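With PDB, C-alpha atoms inside, this is structure-v3.pdb:
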```
ATOM      1  CA  MET I   1      55.506 117.884  31.567
ATOM      2  CA  THR I   2      59.167 118.637  32.158
ATOM      3  CA  ARG I   3      60.716 122.054  32.332
ATOM      4  CA  ILE I   4      62.656 121.312  29.136
ATOM      5  CA  GLY I   5      59.385 120.474  27.393
ATOM      6  CA  ARG I   6      58.011 123.899  28.311
ATOM      7  CA  VAL I   7      61.163 125.589  27.006
ATOM      8  CA  PHE I   8      60.813 123.634  23.764
ATOM      9  CA  ARG I   9      57.321 125.010  23.170
ATOM     10  CA  ILE I  10      58.468 128.576  23.763
ATOM     11  CA  VAL I  11      61.513 128.277  21.502
ATOM     12  CA  SER I  12      60.049 126.457  18.550
ATOM     13  CA  ALA I  13      56.607 125.919  17.089
ATOM     14  CA  SER I  14      57.821 122.918  15.065
ATOM     15  CA  PRO I  15      59.415 119.776  16.490
ATOM     16  CA  ASP I  16      63.191 120.153  16.334
ATOM     17  CA  PRO I  17      64.828 116.682  16.526
ATOM     18  CA  ALA I  18      67.709 118.054  18.584
ATOM     19  CA  LEU I  19      65.323 119.518  21.138
ATOM     20  CA  LEU I  20      63.295 116.319  21.257
ATOM     21  CA  PHE I  21      66.519 114.413  21.931
ATOM     22  CA  PHE I  22      67.424 116.772  24.753
ATOM     23  CA  SER I  23      63.974 116.770  26.301
ATOM     24  CA  SER I  24      63.653 112.985  26.262
ATOM     25  CA  ARG I  25      67.222 112.133  27.259
ATOM     26  CA  TYR I  26      67.983 114.834  29.794
ATOM     27  CA  SER I  27      64.682 115.808  31.323
ATOM     28  CA  SER I  28      63.971 115.082  34.941
ATOM     29  CA  SER I  29      61.334 115.981  37.433
ATOM     30  CA  SER I  30      63.977 116.640  40.097
ATOM     31  CA  PRO I  31      64.554 120.229  41.224
ATOM     32  CA  ARG I  32      68.175 120.012  39.971
ATOM     33  CA  ALA I  33      67.057 119.826  36.332
ATOM     34  CA  THR I  34      67.049 123.546  35.677
ATOM     35  CA  ALA I  35      67.753 123.808  31.958
ATOM     36  CA  ARG I  36      67.431 127.200  30.329
ATOM     37  CA  LEU I  37      68.424 128.888  27.080
ATOM     38  CA  LEU I  38      71.919 130.213  26.449
ATOM     39  CA  ARG I  39      71.979 133.989  25.923
ATOM     40  CA  VAL I  40      74.657 136.548  25.094
ATOM     41  CA  GLY I  41      76.374 137.441  28.348
ATOM     42  CA  ASP I  42      75.951 134.011  29.961
ATOM     43  CA  VAL I  43      79.129 132.646  31.553
ATOM     44  CA  LEU I  44      79.818 128.921  31.940
ATOM     45  CA  ARG I  45      82.556 127.786  34.344
ATOM     46  CA  GLU I  46      84.551 124.724  35.275
ATOM     47  CA  SER I  47      87.250 124.285  37.891
ATOM     48  CA  ARG I  48      90.013 121.700  37.656
ATOM     49  CA  ARG I  49      93.235 120.823  39.422
ATOM     50  CA  PHE I  50      95.711 119.062  37.092
ATOM     51  CA  SER I  51      97.708 116.227  38.652
ATOM     52  CA  GLU I  52     101.055 114.643  37.794
ATOM     53  CA  SER I  53      99.084 111.750  36.302
ATOM     54  CA  ASP I  54      97.072 114.111  34.051
ATOM     55  CA  VAL I  55     100.297 115.644  32.713
ATOM     56  CA  ALA I  56     101.952 112.248  32.163
ATOM     57  CA  ARG I  57      98.906 110.881  30.309
ATOM     58  CA  PHE I  58      98.596 114.010  28.147
ATOM     59  CA  SER I  59     102.305 113.777  27.334
ATOM     60  CA  GLU I  60     101.859 110.185  26.139
ATOM     61  CA  ILE I  61      98.695 110.892  24.156
ATOM     62  CA  SER I  62      99.969 114.102  22.534
ATOM     63  CA  GLY I  63     103.589 113.033  22.064
ATOM     64  CA  ASP I  64     104.724 116.253  23.777
ATOM     65  CA  HIS I  65     107.552 115.009  25.982
ATOM     66  CA  ASN I  66     109.057 118.443  26.650
ATOM     67  CA  PRO I  67     110.966 118.116  29.952
ATOM     68  CA  ILE I  68     109.433 121.339  31.318
ATOM     69  CA  HIS I  69     106.308 119.201  31.813
ATOM     70  CA  LEU I  70     108.021 116.031  33.049
ATOM     71  CA  ASP I  71     111.261 116.922  34.876
ATOM     72  CA  ASP I  72     111.184 119.237  37.911
ATOM     73  CA  GLY I  73     114.913 120.039  37.776
ATOM     74  CA  PHE I  74     114.825 120.852  34.076
ATOM     75  CA  ALA I  75     111.705 123.003  34.484
ATOM     76  CA  ARG I  76     113.404 125.002  37.271
ATOM     77  CA  ASP I  77     116.982 125.207  35.974
ATOM     78  CA  ILE I  78     116.562 125.395  32.204
ATOM     79  CA  GLY I  79     112.930 126.434  31.785
ATOM     80  CA  CYS I  80     113.106 129.089  34.546
ATOM     81  CA  PHE I  81     109.822 127.938  36.106
ATOM     82  CA  ASP I  82     110.422 128.626  39.801
ATOM     83  CA  ARG I  83     107.806 126.182  41.035
ATOM     84  CA  GLY I  84     108.900 123.298  38.776
ATOM     85  CA  ARG I  85     106.931 121.395  36.136
ATOM     86  CA  VAL I  86     104.154 123.132  34.255
ATOM     87  CA  VAL I  87     100.957 121.735  32.793
ATOM     88  CA  HIS I  88     100.778 121.603  28.996
ATOM     89  CA  GLY I  89      99.004 124.748  27.799
ATOM     90  CA  MET I  90      96.820 122.751  25.426
ATOM     91  CA  LEU I  91      95.716 120.489  28.276
ATOM     92  CA  VAL I  92      94.583 123.533  30.239
ATOM     93  CA  ALA I  93      92.894 125.000  27.139
ATOM     94  CA  SER I  94      90.965 121.748  26.658
ATOM     95  CA  LEU I  95      88.745 122.929  29.513
ATOM     96  CA  PHE I  96      86.984 125.266  27.069
ATOM     97  CA  SER I  97      85.641 122.433  24.905
ATOM     98  CA  SER I  98      84.831 120.453  28.061
ATOM     99  CA  ILE I  99      82.673 123.292  29.400
ATOM    100  CA  ILE I 100      80.741 123.742  26.170
ATOM    101  CA  ALA I 101      80.191 120.022  25.533
ATOM    102  CA  SER I 102      79.103 119.349  29.115
ATOM    103  CA  HIS I 103      76.384 121.997  28.875
ATOM    104  CA  VAL I 104      75.339 121.267  25.266
ATOM    105  CA  PRO I 105      76.168 117.704  24.152
ATOM    106  CA  GLY I 106      76.549 117.442  20.399
ATOM    107  CA  SER I 107      78.271 120.804  20.091
ATOM    108  CA  VAL I 108      81.062 121.001  17.514
ATOM    109  CA  TYR I 109      84.181 123.060  18.102
ATOM    110  CA  VAL I 110      84.908 125.264  15.065
ATOM    111  CA  SER I 111      87.795 127.516  16.096
ATOM    112  CA  GLN I 112      89.870 128.644  19.030
ATOM    113  CA  THR I 113      92.391 131.441  19.501
ATOM    114  CA  LEU I 114      94.647 131.267  22.528
ATOM    115  CA  LYS I 115      97.129 133.522  24.251
ATOM    116  CA  PHE I 116      99.222 131.803  26.907
ATOM    117  CA  ILE I 117      99.947 134.456  29.528
ATOM    118  CA  SER I 118     101.324 132.633  32.576
ATOM    119  CA  PRO I 119     102.209 129.038  33.428
ATOM    120  CA  VAL I 120      99.927 126.625  35.247
ATOM    121  CA  TYR I 121     101.855 124.430  37.664
ATOM    122  CA  ILE I 122     100.922 120.880  38.566
ATOM    123  CA  GLY I 123      98.484 121.078  41.462
ATOM    124  CA  ASP I 124      97.225 124.597  40.686
ATOM    125  CA  GLU I 125      93.466 124.984  40.685
ATOM    126  CA  VAL I 126      92.361 126.420  37.344
ATOM    127  CA  LEU I 127      89.087 128.240  36.812
ATOM    128  CA  ALA I 128      88.024 128.147  33.151
ATOM    129  CA  GLU I 129      85.229 130.372  31.850
ATOM    130  CA  VAL I 130      83.504 130.894  28.526
ATOM    131  CA  GLU I 131      81.175 133.852  27.997
ATOM    132  CA  ALA I 132      78.724 133.877  25.097
ATOM    133  CA  THR I 133      79.292 137.036  23.042
ATOM    134  CA  TYR I 134      77.454 136.224  19.798
ATOM    135  CA  LEU I 135      74.595 133.867  18.836
ATOM    136  CA  ARG I 136      73.220 133.221  15.365
ATOM    137  CA  GLU I 137      70.895 130.542  14.042
ATOM    138  CA  HIS I 138      72.251 128.813  10.942
ATOM    139  CA  LYS I 139      70.654 125.786   9.244
ATOM    140  CA  LYS I 140      68.756 124.611  12.341
ATOM    141  CA  ARG I 141      71.922 124.937  14.440
ATOM    142  CA  TYR I 142      73.455 127.833  16.360
ATOM    143  CA  ILE I 143      76.825 129.460  15.784
ATOM    144  CA  VAL I 144      78.047 130.780  19.110
ATOM    145  CA  LYS I 145      81.164 132.815  19.832
ATOM    146  CA  PHE I 146      82.620 132.900  23.327
ATOM    147  CA  THR I 147      85.408 134.793  25.025
ATOM    148  CA  SER I 148      87.405 132.188  26.883
ATOM    149  CA  LYS I 149      89.796 132.520  29.779
ATOM    150  CA  CYS I 150      91.533 130.467  32.439
ATOM    151  CA  SER I 151      92.840 131.812  35.706
ATOM    152  CA  THR I 152      94.428 130.544  38.905
ATOM    153  CA  ASN I 153      94.368 131.827  42.486
ATOM    154  CA  GLY I 154      90.584 131.891  42.660
ATOM    155  CA  GLY I 155      90.275 133.832  39.417
ATOM    156  CA  GLY I 156      92.972 136.381  40.292
ATOM    157  CA  SER I 157      95.753 135.443  37.859
ATOM    158  CA  LEU I 158      94.885 135.189  34.162
ATOM    159  CA  VAL I 159      96.830 132.336  32.532
ATOM    160  CA  ILE I 160      95.059 131.885  29.170
ATOM    161  CA  GLY I 161      92.831 134.194  27.143
ATOM    162  CA  GLY I 162      91.158 133.719  23.782
ATOM    163  CA  GLU I 163      88.030 133.261  21.736
ATOM    164  CA  THR I 164      86.071 130.130  20.912
ATOM    165  CA  THR I 165      83.513 129.448  18.200
ATOM    166  CA  ALA I 166      81.243 126.404  18.330
ATOM    167  CA  ILE I 167      78.187 125.109  16.508
ATOM    168  CA  LEU I 168      75.495 124.034  18.952
ATOM    169  CA  PRO I 169      72.528 121.785  18.118
ATOM    170  CA  THR I 170      70.374 123.754  20.586
ATOM    171  CA  LEU I 171      70.627 126.651  22.996
ATOM    172  CA  ILE I 172      69.238 124.604  25.901
ATOM    173  CA  LEU I 173      71.809 124.401  28.693
ATOM    174  CA  LEU I 174      71.676 121.180  30.674
ATOM    175  CA  ASP I 175      73.358 122.128  33.925
ATOM    176  CA  ARG I 176      72.856 125.512  35.454
ATOM    177  CA  LYS I 177      74.948 125.023  38.593
ATOM    178  CA  ASN I 178      77.982 126.643  36.902
ATOM    179  CA  LEU I 179      76.026 129.338  35.074
ATOM    180  CA  ASP I 180      75.909 132.978  36.108
TER     181      ASP I 180
END
```

Mind turning the file's structure into structure tokens?
Amino acid sequence: MTRIGRVFRIVSASPDPALLFFSSRYSSSSPRATARLLRVGDVLRESRRFSESDVARFSEISGDHNPIHLDDGFARDIGCFDRGRVVHGMLVASLFSSIIASHVPGSVYVSQTLKFISPVYIGDEVLAEVEATYLREHKKRYIVKFTSKCSTNGGGSLVIGGETTAILPTLILLDRKNLD
């Protein structure tokens, strides 16, 4: 019996198709499979360094060709960004949905508020975090609210703050390596 199977029996007395999907698809007997239930106060993290290629591809996909993202001279001289080109704020903010979906596949993003505080420059390492602040079961799914933030310099400089709401098919987290 897998660890996820044991969690399933504790969480629900009746077979929940979403939990059966998770236990059959993502269970493993390896010691790295350490799924557990999401609780208020849990923090999920992801680190990412955005490259020139990431910015160029996002610019093409989004249609946002603002030269502060694509032209170093413009970003410095006109945009007043001392270090040159900056990463699109929405590209950085996309880390929030990435974190949630990587821990709970099948989650649906419902809303997001964002406050852009400081720029992220190409090559900066960004630490994104979401912290569960509210959980409620609703129609065999879970509505979860998170505070969300991104920072640079090892977590020292806040660059984005906000709140995220998502509907999750389960509270089972797949990967605990980024969970505090």

Please tabulate, as JSON lines, the residues of segment 134-156 of chain I that come within 10 Å of segment 77-93 of chain I, each with its closest pair of atoms and the distance in Å to one decimal, counting all atoms listed in the file and ordering rows by chain, then residue number upward.
```
{"residue": "I:Ser148", "atom": "CA", "partner": "I:Ala93", "partner_atom": "CA", "distance": 9.0}
{"residue": "I:Lys149", "atom": "CA", "partner": "I:Ala93", "partner_atom": "CA", "distance": 8.6}
{"residue": "I:Cys150", "atom": "CA", "partner": "I:Ala93", "partner_atom": "CA", "distance": 7.7}
```

List the neighbours of Gly155 of chain I out to 9 Å using all atoms listed in the file; skip same-chain residues closer than 4 positions along the sequence, and give me the result as a PDB file with C-alpha atoms, in the coordinates of the input.
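In the end it all went to out_27.pdb:
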```pdb
ATOM      1  CA  VAL I 126      92.361 126.420  37.344  1.00  0.00           C
ATOM      2  CA  LEU I 127      89.087 128.240  36.812  1.00  0.00           C
ATOM      3  CA  ALA I 128      88.024 128.147  33.151  1.00  0.00           C
ATOM      4  CA  CYS I 150      91.533 130.467  32.439  1.00  0.00           C
ATOM      5  CA  SER I 151      92.840 131.812  35.706  1.00  0.00           C
TER       6      SER I 151
END
```

(request) Would you mind telling me which residue in I:Leu70, I:Ile122, I:Ile99, I:Ile61 lies nearest to Ser47 of chain I when using only C-alpha atoms? (result) I:Ile99

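Closest approach to Arg49 of chain I from the set I:Val120, I:Leu37, I:Ala132, I:Ala75 is made by I:Val120, with distances taken over all atoms listed in the file.
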
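With the shown file loaded, the PyMOL selection byres ((chain I and resi 133) around 10) picks out Arg39, Val40, Gly41, Asp42, Val43, Val130, Glu131, Ala132, Tyr134, Leu135, Val144, Lys145, Phe146, Thr147, Glu163, Thr164 and Thr165 of chain I.
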
(request) Run the PyMOL selection byres ((chain I and resi 56) around 12) mentally over the shown coordinates, then write out the matched residues as a PyMOL selection string, using the chain letters and numbers from the document. (result) chain I and resi 50-55+57-71+85-88+91+122

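Atom pair atom CA of Lys139 of chain I / atom CA of Leu114 of chain I: separated by 28.0 Å.
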
(request) Check the smallest atom-to-atom distance from each of I:Arg45, I:Arg76, I:Arg141, I:Val110 to Leu95 of chain I using only C-alpha atoms, then report the winner. (result) I:Arg45

Could you spell out the hits of the PyMOL selection byres ((chain I and resi 138) around 12) on the shown file, as a PDB file with C-alpha atoms, in the frame of the given file?
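Generated output (expr-v5.pdb):
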```
ATOM      1  CA  LEU I 135      74.595 133.867  18.836  1.00  0.00           C
ATOM      2  CA  ARG I 136      73.220 133.221  15.365  1.00  0.00           C
ATOM      3  CA  GLU I 137      70.895 130.542  14.042  1.00  0.00           C
ATOM      4  CA  LYS I 139      70.654 125.786   9.244  1.00  0.00           C
ATOM      5  CA  LYS I 140      68.756 124.611  12.341  1.00  0.00           C
ATOM      6  CA  ARG I 141      71.922 124.937  14.440  1.00  0.00           C
ATOM      7  CA  TYR I 142      73.455 127.833  16.360  1.00  0.00           C
ATOM      8  CA  ILE I 143      76.825 129.460  15.784  1.00  0.00           C
ATOM      9  CA  VAL I 144      78.047 130.780  19.110  1.00  0.00           C
ATOM     10  CA  ALA I 166      81.243 126.404  18.330  1.00  0.00           C
ATOM     11  CA  ILE I 167      78.187 125.109  16.508  1.00  0.00           C
ATOM     12  CA  LEU I 168      75.495 124.034  18.952  1.00  0.00           C
ATOM     13  CA  PRO I 169      72.528 121.785  18.118  1.00  0.00           C
ATOM     14  CA  THR I 170      70.374 123.754  20.586  1.00  0.00           C
TER      15      THR I 170
END
```

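A straight line drawn from atom CA of Ser118 of chain I to atom CA of His103 of chain I is 27.4 Å long.
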
(message) What does the structure give for the distance between atom CA of Glu125 of chain I and atom CA of Ser107 of chain I, in Å to one decimal?
(response) 25.9 Å
